[in-house]
Amino acid sequence: MPSDIKATDTKASDTKGWDRNQMAARAAEELEDGMYVNLGIGIPTLVANYTGDKDITLQSENGMLGMGPFPYEGDEDPDLINAGKQTITELPKTSYFDSATSFGMIRGGKIAAAILGAMEVAENGDLANWMIPGKLVKGMGGAMDLVAGVGRVIVVMDHQNKHGESKVLKACTLPLTGAGVVDRIITNLGVLDVVEGGLKLVELADGVTEDELRAATEATIL
Amino acid sequence: MKKVYGSAAEALDGLLTDGMLIAAGGFGICGIPELLLQAIKDAGTKDLTFASNNAGVDDFGIGILLQTRQVKKMISSYVGENAEFMRQYLSGELELEFNPQGTLAERMRAGGCGIPGFYTRTGVGTQIAEGKEHKEFRGETYIMEEGIFADLSIVKAWKADTTGNAVFRKTARNFNPPAAMCGKVCVMEVEEIVEPGELDPDTIHLPGIYVHRLIQGTHEKRIEKVTTRPAA
């Protein structure tokens with residue numbers, strides 16, 4: 001089942017509040033029984049470990065619904081990978097389709113939610129996670145289609161970058177992946193919703209005070 | 001009409017011209033037309049534009065054509081796995097047109113269906129939308145994207161019958177059907193060619209009408225990232 005998926009990188013974040021696994025567990029609470037969901041690379045991949053008894057179907061945008069866990073050693077199949085190009089397995093409920101059909105279901109609003117990482121998020125819901133000009137030119141992959149098409153966009157990321165600067169901003173400085181697309185932000189410090197006029201504090205991470213979260217945030221918190 | 005050819009080089013004979021636009025199937029290096037790419041390398045065709053989700057890795061897939069400087073431009077959604085690509089792009093030797101992955105897939109599908117343009121919300125408000133027509137539908141803003149009409153399609157399937165009816169395997173299907181559809185001519189490589197009637201007509205993923213030339217070959221099928229779980 002999806003809950004068996006183990007991501008390669010499970011190291012705990014050394015920052016305050018929730019670690020990576022706790023953030024993933026909190027993000028998993030956003031998912032409801034019966035949902036079709038797309039999980040991004042990084043911390044979002046860990047969310048699959050915390051879905052418990054809920055019947056969640058994971059979409060892999062390279063053409064699969066019902067993504068199973070990594071294979072046992074020796075069972076890897078070069079024809080069966082996820083969107084992160086990792087070897088995976090299928091489940092009894094799995095279906096396969098081509099890329100146009102895959103993004104048809106994304107663009108068509110059939111996928112209930114996407115949980116994605118981010119470089120920056122702004123208080124108006126803008127998201128930047130695909131490019132650092134002059135530095136990093138890997139491409140947006142399916143991220144632009146996902147944030148424009150799915151029902152609900154949930155960002156899971158560290159609240160600050162490695163220089164201690166807020167990643168939750170008044171306005172994004174990097175090229176956007178989508179404008180006004182983010183619904184909820186889950187960071188190591190807590191949970192914020194994008195609402196009219198700014199961000200609304202939904203929840204604080206364990207051991208984090210509201211003052212600490214506000215001090216670590218550039219964006220307007222109502 | 002005979003569609004089955006003896007080798008990748010034979011199947012591409014007379015189809016390759018410098019500066020052409022080629023649509024290629026595959027996601028990462030999964031389900032790529034590795035034999036046809038090798039044959040294009042051997043043919044030495046230059047100034048190619050590839051519409052392909054990725055650019056392979058340094059020494060496999062489209063990467064082998066980057067090494068020989070046969071590629072002028074890539075239309076792709078993600079090129080992060082290829083160091084030589086980065087080097088050529090950052091030094092200005094290679095043009096790159098980033099397309100969101102779903103937009104790229106739909107551009108191919110649309111081209112193959114005779115649809116010159118379509119509207120999508122993907123990329124609205126981002127640099128992808130710059131210079132593109134914006135239009136309101138039902139209170140939402142969309143941008144127009146154009147169908148891709150390629151000179152040649154190169155794709156890989158699992159099995160096909162001699163008329164080109166093709167079946168793909170698991171996630172190796174990916175961009176192969178839309179890429180196959182959008183070319184004036186489509187050349188397909190498969191792991192096994194069978195006689196008509198051996199594939200169940202109800203399970204054909206790509207009808208043979210889209211496939212003009214066909215070869216059978218042995219595929220390396222390299223894995224980009226092996227990930228496993230501990231034994232139970």
# chains A, B, ... in the order shown; residues from 1 in each chain; ligands from 1
>>> residues_around(residues="Gly117 in chain A", least_positions_apart="4", cutoff="10 Å", atoms="only C-alpha atoms", output="number ranges by chain")
A: 39-45, 121, 127-130, 143, 154-158, 185-186
>>> closest_atom_pairs(of="chain B", to="chain A", cutoff="7 Å", atoms="only C-alpha atoms", output="tab-separated table")
residue	atom	partner	partner_atom	distance
B:Phe27	CA	A:Asn62	CA	6.9
B:Gly28	CA	A:Lys85	CA	6.6
B:Cys30	CA	A:Asp79	CA	6.0
B:Gly31	CA	A:Asp79	CA	6.8
B:Ser77	CA	A:Gly141	CA	4.6
B:Tyr78	CA	A:Gly139	CA	4.3
B:Val79	CA	A:Lys138	CA	5.1
B:Gly80	CA	A:Lys138	CA	4.2
B:Phe98	CA	A:Gly139	CA	6.5
B:Pro100	CA	A:Gly141	CA	5.8
B:Gln101	CA	A:Gly142	CA	4.7
B:Gly102	CA	A:Phe103	CA	4.9
B:Ala105	CA	A:Ala100	CA	4.8
B:Glu106	CA	A:Ala100	CA	5.4
B:Arg109	CA	A:Ala100	CA	6.7
B:Arg121	CA	A:Ala148	CA	6.0
B:Thr122	CA	A:Asp145	CA	5.0
B:Gly123	CA	A:Met144	CA	5.9
B:Val124	CA	A:Gly178	CA	7.0
B:Gly125	CA	A:Ala179	CA	5.4
B:Thr126	CA	A:Leu176	CA	5.2
B:Gln127	CA	A:Pro175	CA	7.0
B:Arg169	CA	A:Asp79	CA	6.6
B:Lys170	CA	A:Leu80	CA	5.8
B:Thr171	CA	A:Leu80	CA	5.2
B:Ala172	CA	A:Asp79	CA	5.0
B:Arg173	CA	A:Asp98	CA	5.6
B:Asn174	CA	A:Asp98	CA	4.4
B:Phe175	CA	A:Ser99	CA	5.2
B:Pro177	CA	A:Asp98	CA	6.6
B:Pro178	CA	A:Ala100	CA	6.7
B:Lys221	CA	A:Pro78	CA	6.1
B:Arg222	CA	A:Pro78	CA	6.5
B:Ile223	CA	A:Pro78	CA	5.3
B:Glu224	CA	A:Lys85	CA	6.3
B:Lys225	CA	A:Gln86	CA	4.9
B:Val226	CA	A:Thr87	CA	5.5
B:Thr227	CA	A:Thr87	CA	5.4
B:Thr228	CA	A:Phe70	CA	4.9
B:Arg229	CA	A:Tyr72	CA	5.3
B:Pro230	CA	A:Tyr72	CA	6.4
B:Ala231	CA	A:Tyr72	CA	6.0
>>> write_last_selection(atoms="C-alpha atoms", output="PDB file, in the first residue's frame")
ATOM      1  CA  PHE B  27      10.032  10.019 -19.833  1.00  0.00           C
ATOM      2  CA  GLY B  28      13.526  10.400 -18.434  1.00  0.00           C
ATOM      3  CA  CYS B  30      12.070   5.163 -19.549  1.00  0.00           C
ATOM      4  CA  GLY B  31      10.446   4.098 -22.812  1.00  0.00           C
ATOM      5  CA  SER B  77       9.796  20.297 -19.455  1.00  0.00           C
ATOM      6  CA  TYR B  78      12.744  19.070 -17.412  1.00  0.00           C
ATOM      7  CA  VAL B  79      16.427  18.762 -18.255  1.00  0.00           C
ATOM      8  CA  GLY B  80      17.930  18.414 -14.779  1.00  0.00           C
ATOM      9  CA  PHE B  98      10.696  25.090 -21.562  1.00  0.00           C
ATOM     10  CA  PRO B 100       5.112  22.696 -18.788  1.00  0.00           C
ATOM     11  CA  GLN B 101       4.940  18.915 -19.010  1.00  0.00           C
ATOM     12  CA  GLY B 102       1.186  18.717 -19.567  1.00  0.00           C
ATOM     13  CA  ALA B 105       1.997  16.434 -23.992  1.00  0.00           C
ATOM     14  CA  GLU B 106      -1.151  18.251 -25.108  1.00  0.00           C
ATOM     15  CA  ARG B 109      -1.663  15.296 -28.919  1.00  0.00           C
ATOM     16  CA  ARG B 121      -4.723  27.722 -17.456  1.00  0.00           C
ATOM     17  CA  THR B 122      -1.269  26.184 -17.028  1.00  0.00           C
ATOM     18  CA  GLY B 123       1.357  28.922 -16.815  1.00  0.00           C
ATOM     19  CA  VAL B 124      -1.011  31.891 -16.515  1.00  0.00           C
ATOM     20  CA  GLY B 125       0.810  34.631 -14.572  1.00  0.00           C
ATOM     21  CA  THR B 126       4.228  33.040 -15.139  1.00  0.00           C
ATOM     22  CA  GLN B 127       6.973  33.733 -17.681  1.00  0.00           C
ATOM     23  CA  ARG B 169       4.198  -1.594 -21.018  1.00  0.00           C
ATOM     24  CA  LYS B 170       3.543   0.114 -17.645  1.00  0.00           C
ATOM     25  CA  THR B 171       4.928   3.668 -17.342  1.00  0.00           C
ATOM     26  CA  ALA B 172       7.025   3.241 -20.506  1.00  0.00           C
ATOM     27  CA  ARG B 173       3.931   4.442 -22.389  1.00  0.00           C
ATOM     28  CA  ASN B 174       4.292   8.074 -21.190  1.00  0.00           C
ATOM     29  CA  PHE B 175       4.900  10.490 -24.110  1.00  0.00           C
ATOM     30  CA  PRO B 177       1.455   7.865 -28.010  1.00  0.00           C
ATOM     31  CA  PRO B 178       1.174  11.685 -28.270  1.00  0.00           C
ATOM     32  CA  LYS B 221      16.400  -0.237 -20.960  1.00  0.00           C
ATOM     33  CA  ARG B 222      18.667   1.508 -18.476  1.00  0.00           C
ATOM     34  CA  ILE B 223      17.268   2.576 -15.074  1.00  0.00           C
ATOM     35  CA  GLU B 224      17.945   6.169 -14.048  1.00  0.00           C
ATOM     36  CA  LYS B 225      17.408   5.845 -10.270  1.00  0.00           C
ATOM     37  CA  VAL B 226      17.235   2.423  -8.645  1.00  0.00           C
ATOM     38  CA  THR B 227      15.204   2.705  -5.439  1.00  0.00           C
ATOM     39  CA  THR B 228      14.313  -0.327  -3.325  1.00  0.00           C
ATOM     40  CA  ARG B 229      12.823  -1.171   0.052  1.00  0.00           C
ATOM     41  CA  PRO B 230      14.378  -3.537   2.597  1.00  0.00           C
ATOM     42  CA  ALA B 231      13.453  -7.209   2.250  1.00  0.00           C
TER      43      ALA B 231
END
>>> residues_around(residues="Glu146 in chain B", least_positions_apart="4", cutoff="10 Å", atoms="only C-alpha atoms", output="JSON, numbers by chain")
{"B": [103, 104, 106, 107, 108, 110, 111, 115, 116, 117, 118, 119, 132]}
>>> select_by_dssp(residues="range 6-212 of chain A", states="helix (DSSP H, G or I)", output="PyMOL selection string")
chain A and resi 20-28+43-50+99-107+143-149+210-212
>>> write_last_selection(atoms="N, CA and C atoms", output="mmCIF file, in the first residue's frame")
data_model
loop_
_atom_site.group_PDB
_atom_site.id
_atom_site.type_symbol
_atom_site.label_atom_id
_atom_site.label_comp_id
_atom_site.auth_asym_id
_atom_site.auth_seq_id
_atom_site.Cartn_x
_atom_site.Cartn_y
_atom_site.Cartn_z
ATOM 1 N N ARG A 20 11.131 16.806 9.236
ATOM 2 C CA ARG A 20 10.565 16.490 7.912
ATOM 3 C C ARG A 20 9.427 15.476 8.005
ATOM 4 N N ASN A 21 9.633 14.471 8.861
ATOM 5 C CA ASN A 21 8.599 13.438 8.973
ATOM 6 C C ASN A 21 7.351 13.965 9.655
ATOM 7 N N GLN A 22 7.540 14.842 10.637
ATOM 8 C CA GLN A 22 6.379 15.428 11.309
ATOM 9 C C GLN A 22 5.605 16.354 10.366
ATOM 10 N N MET A 23 6.343 17.073 9.509
ATOM 11 C CA MET A 23 5.678 17.915 8.504
ATOM 12 C C MET A 23 4.877 17.048 7.532
ATOM 13 N N ALA A 24 5.481 15.933 7.136
ATOM 14 C CA ALA A 24 4.796 15.016 6.215
ATOM 15 C C ALA A 24 3.550 14.434 6.882
ATOM 16 N N ALA A 25 3.674 14.081 8.162
ATOM 17 C CA ALA A 25 2.537 13.520 8.895
ATOM 18 C C ALA A 25 1.417 14.552 9.001
ATOM 19 N N ARG A 26 1.790 15.808 9.232
ATOM 20 C CA ARG A 26 0.780 16.865 9.308
ATOM 21 C C ARG A 26 0.101 17.063 7.945
ATOM 22 N N ALA A 27 0.906 16.992 6.882
ATOM 23 C CA ALA A 27 0.338 17.142 5.538
ATOM 24 C C ALA A 27 -0.618 15.992 5.225
ATOM 25 N N ALA A 28 -0.312 14.807 5.722
ATOM 26 C CA ALA A 28 -1.163 13.641 5.464
ATOM 27 C C ALA A 28 -2.554 13.837 6.064
ATOM 28 N N ILE A 43 10.096 16.257 0.682
ATOM 29 C CA ILE A 43 9.246 15.992 1.852
ATOM 30 C C ILE A 43 7.860 15.470 1.431
ATOM 31 N N PRO A 44 7.236 16.023 0.365
ATOM 32 C CA PRO A 44 5.914 15.517 -0.018
ATOM 33 C C PRO A 44 5.880 13.999 -0.243
ATOM 34 N N THR A 45 6.981 13.434 -0.747
ATOM 35 C CA THR A 45 7.023 11.982 -0.964
ATOM 36 C C THR A 45 6.794 11.225 0.343
ATOM 37 N N LEU A 46 7.274 11.811 1.450
ATOM 38 C CA LEU A 46 7.146 11.153 2.756
ATOM 39 C C LEU A 46 5.699 11.085 3.232
ATOM 40 N N VAL A 47 4.838 11.940 2.674
ATOM 41 C CA VAL A 47 3.429 11.993 3.108
ATOM 42 C C VAL A 47 2.775 10.614 2.966
ATOM 43 N N ALA A 48 3.196 9.853 1.953
ATOM 44 C CA ALA A 48 2.613 8.526 1.705
ATOM 45 C C ALA A 48 2.808 7.591 2.892
ATOM 46 N N ASN A 49 3.808 7.865 3.731
ATOM 47 C CA ASN A 49 4.061 7.012 4.897
ATOM 48 C C ASN A 49 3.038 7.224 6.011
ATOM 49 N N TYR A 50 2.257 8.291 5.921
ATOM 50 C CA TYR A 50 1.414 8.685 7.054
ATOM 51 C C TYR A 50 -0.076 8.738 6.730
ATOM 52 N N SER A 99 0.950 10.343 -21.302
ATOM 53 C CA SER A 99 1.173 11.639 -20.656
ATOM 54 C C SER A 99 0.070 12.643 -20.952
ATOM 55 N N ALA A 100 -0.507 12.596 -22.157
ATOM 56 C CA ALA A 100 -1.577 13.546 -22.483
ATOM 57 C C ALA A 100 -2.818 13.252 -21.638
ATOM 58 N N THR A 101 -3.119 11.971 -21.458
ATOM 59 C CA THR A 101 -4.249 11.582 -20.601
ATOM 60 C C THR A 101 -3.958 11.950 -19.150
ATOM 61 N N SER A 102 -2.717 11.732 -18.739
ATOM 62 C CA SER A 102 -2.324 12.022 -17.363
ATOM 63 C C SER A 102 -2.534 13.489 -17.017
ATOM 64 N N PHE A 103 -2.092 14.360 -17.917
ATOM 65 C CA PHE A 103 -2.266 15.794 -17.653
ATOM 66 C C PHE A 103 -3.670 16.258 -18.000
ATOM 67 N N GLY A 104 -4.390 15.456 -18.767
ATOM 68 C CA GLY A 104 -5.812 15.725 -18.953
ATOM 69 C C GLY A 104 -6.544 15.612 -17.627
ATOM 70 N N MET A 105 -6.203 14.600 -16.838
ATOM 71 C CA MET A 105 -6.899 14.451 -15.543
ATOM 72 C C MET A 105 -6.423 15.505 -14.550
ATOM 73 N N ILE A 106 -5.198 15.966 -14.700
ATOM 74 C CA ILE A 106 -4.704 17.043 -13.834
ATOM 75 C C ILE A 106 -5.371 18.371 -14.232
ATOM 76 N N ARG A 107 -5.275 18.713 -15.503
ATOM 77 C CA ARG A 107 -5.834 19.973 -16.001
ATOM 78 C C ARG A 107 -7.344 20.003 -15.849
ATOM 79 N N ALA A 143 4.960 20.690 -12.611
ATOM 80 C CA ALA A 143 4.503 21.510 -11.480
ATOM 81 C C ALA A 143 3.522 22.608 -11.898
ATOM 82 N N MET A 144 3.778 23.258 -13.036
ATOM 83 C CA MET A 144 2.885 24.339 -13.471
ATOM 84 C C MET A 144 1.487 23.806 -13.797
ATOM 85 N N ASP A 145 1.444 22.624 -14.404
ATOM 86 C CA ASP A 145 0.156 22.018 -14.735
ATOM 87 C C ASP A 145 -0.587 21.621 -13.464
ATOM 88 N N LEU A 146 0.167 21.058 -12.507
ATOM 89 C CA LEU A 146 -0.464 20.606 -11.262
ATOM 90 C C LEU A 146 -1.083 21.774 -10.502
ATOM 91 N N VAL A 147 -0.299 22.851 -10.304
ATOM 92 C CA VAL A 147 -0.833 23.945 -9.469
ATOM 93 C C VAL A 147 -1.993 24.659 -10.167
ATOM 94 N N ALA A 148 -2.024 24.598 -11.500
ATOM 95 C CA ALA A 148 -3.118 25.253 -12.223
ATOM 96 C C ALA A 148 -4.362 24.373 -12.286
ATOM 97 N N GLY A 149 -4.188 23.054 -12.084
ATOM 98 C CA GLY A 149 -5.284 22.149 -12.382
ATOM 99 C C GLY A 149 -5.926 21.428 -11.215
ATOM 100 N N GLU A 210 3.536 31.688 18.702
ATOM 101 C CA GLU A 210 3.057 32.543 17.613
ATOM 102 C C GLU A 210 4.049 33.662 17.325
ATOM 103 N N ASP A 211 4.664 34.203 18.362
ATOM 104 C CA ASP A 211 5.663 35.261 18.162
ATOM 105 C C ASP A 211 6.843 34.744 17.338
ATOM 106 N N GLU A 212 7.265 33.530 17.625
ATOM 107 C CA GLU A 212 8.395 32.951 16.875
ATOM 108 C C GLU A 212 8.022 32.781 15.404
#
>>> closest_residue(among="A:Ala216, A:Leu201, A:Val194, A:Ile111", to="His159 in chain A", atoms="only C-alpha atoms")
A:Ala216
>>> atom_distance(atom1="CA of Val195 in chain A", atom2="CA of Val181 in chain A")
11.4 Å
>>> select_by_dssp(residues="range 50-183 of chain A", states="strand (DSSP E or B)", output="PyMOL selection string")
chain A and resi 57-60+64-67+72+81+86-87+90-96+113-116+120-122+127-128+132+136+152-156+160+166+168-169+178
>>> write_last_selection(atoms="C-alpha atoms", output="PDB file, in the first residue's frame")
ATOM      1  CA  THR A  57      -4.695   6.785  -4.644  1.00  0.00           C
ATOM      2  CA  LEU A  58      -1.394   8.354  -5.661  1.00  0.00           C
ATOM      3  CA  GLN A  59      -0.989   9.694  -9.161  1.00  0.00           C
ATOM      4  CA  SER A  60       2.403   9.704 -10.822  1.00  0.00           C
ATOM      5  CA  MET A  64       0.026   5.991 -13.481  1.00  0.00           C
ATOM      6  CA  LEU A  65      -2.703   5.965 -10.859  1.00  0.00           C
ATOM      7  CA  GLY A  66      -2.230   3.730  -7.845  1.00  0.00           C
ATOM      8  CA  MET A  67       1.485   4.069  -7.240  1.00  0.00           C
ATOM      9  CA  TYR A  72      12.426  -5.231  -3.295  1.00  0.00           C
ATOM     10  CA  ILE A  81       9.120   4.413 -12.569  1.00  0.00           C
ATOM     11  CA  GLN A  86      12.637   6.185  -9.176  1.00  0.00           C
ATOM     12  CA  THR A  87      11.762   2.507  -9.549  1.00  0.00           C
ATOM     13  CA  GLU A  90       2.110  -1.354  -8.993  1.00  0.00           C
ATOM     14  CA  LEU A  91      -0.930  -2.197  -6.855  1.00  0.00           C
ATOM     15  CA  PRO A  92      -4.044  -4.249  -7.674  1.00  0.00           C
ATOM     16  CA  LYS A  93      -5.890  -0.965  -8.373  1.00  0.00           C
ATOM     17  CA  THR A  94      -3.167   0.494 -10.618  1.00  0.00           C
ATOM     18  CA  SER A  95      -3.910   1.876 -14.075  1.00  0.00           C
ATOM     19  CA  TYR A  96      -1.499   3.176 -16.716  1.00  0.00           C
ATOM     20  CA  ALA A 113      -4.883  17.711  -4.233  1.00  0.00           C
ATOM     21  CA  ALA A 114      -1.201  18.183  -4.915  1.00  0.00           C
ATOM     22  CA  ILE A 115       1.350  18.375  -2.115  1.00  0.00           C
ATOM     23  CA  LEU A 116       4.469  20.120  -3.363  1.00  0.00           C
ATOM     24  CA  GLU A 120       9.173  30.610  -2.091  1.00  0.00           C
ATOM     25  CA  VAL A 121       5.478  31.156  -1.349  1.00  0.00           C
ATOM     26  CA  ALA A 122       3.808  34.577  -1.193  1.00  0.00           C
ATOM     27  CA  LEU A 127       4.359  29.815  -5.755  1.00  0.00           C
ATOM     28  CA  ALA A 128       7.959  29.643  -7.011  1.00  0.00           C
ATOM     29  CA  ILE A 132      16.691  30.244  -9.997  1.00  0.00           C
ATOM     30  CA  LEU A 136      19.415  26.483 -11.750  1.00  0.00           C
ATOM     31  CA  ARG A 152      -6.188  22.004  -3.689  1.00  0.00           C
ATOM     32  CA  VAL A 153      -2.498  22.969  -3.591  1.00  0.00           C
ATOM     33  CA  ILE A 154      -0.671  22.304  -0.329  1.00  0.00           C
ATOM     34  CA  VAL A 155       2.939  23.427   0.019  1.00  0.00           C
ATOM     35  CA  VAL A 156       5.228  21.628   2.454  1.00  0.00           C
ATOM     36  CA  GLN A 160      13.263  29.596   6.264  1.00  0.00           C
ATOM     37  CA  SER A 166      11.837  33.631   5.344  1.00  0.00           C
ATOM     38  CA  VAL A 168       7.013  32.828   3.212  1.00  0.00           C
ATOM     39  CA  LEU A 169       7.084  36.240   1.544  1.00  0.00           C
ATOM     40  CA  GLY A 178       1.752  29.589 -10.559  1.00  0.00           C
TER      41      GLY A 178
END
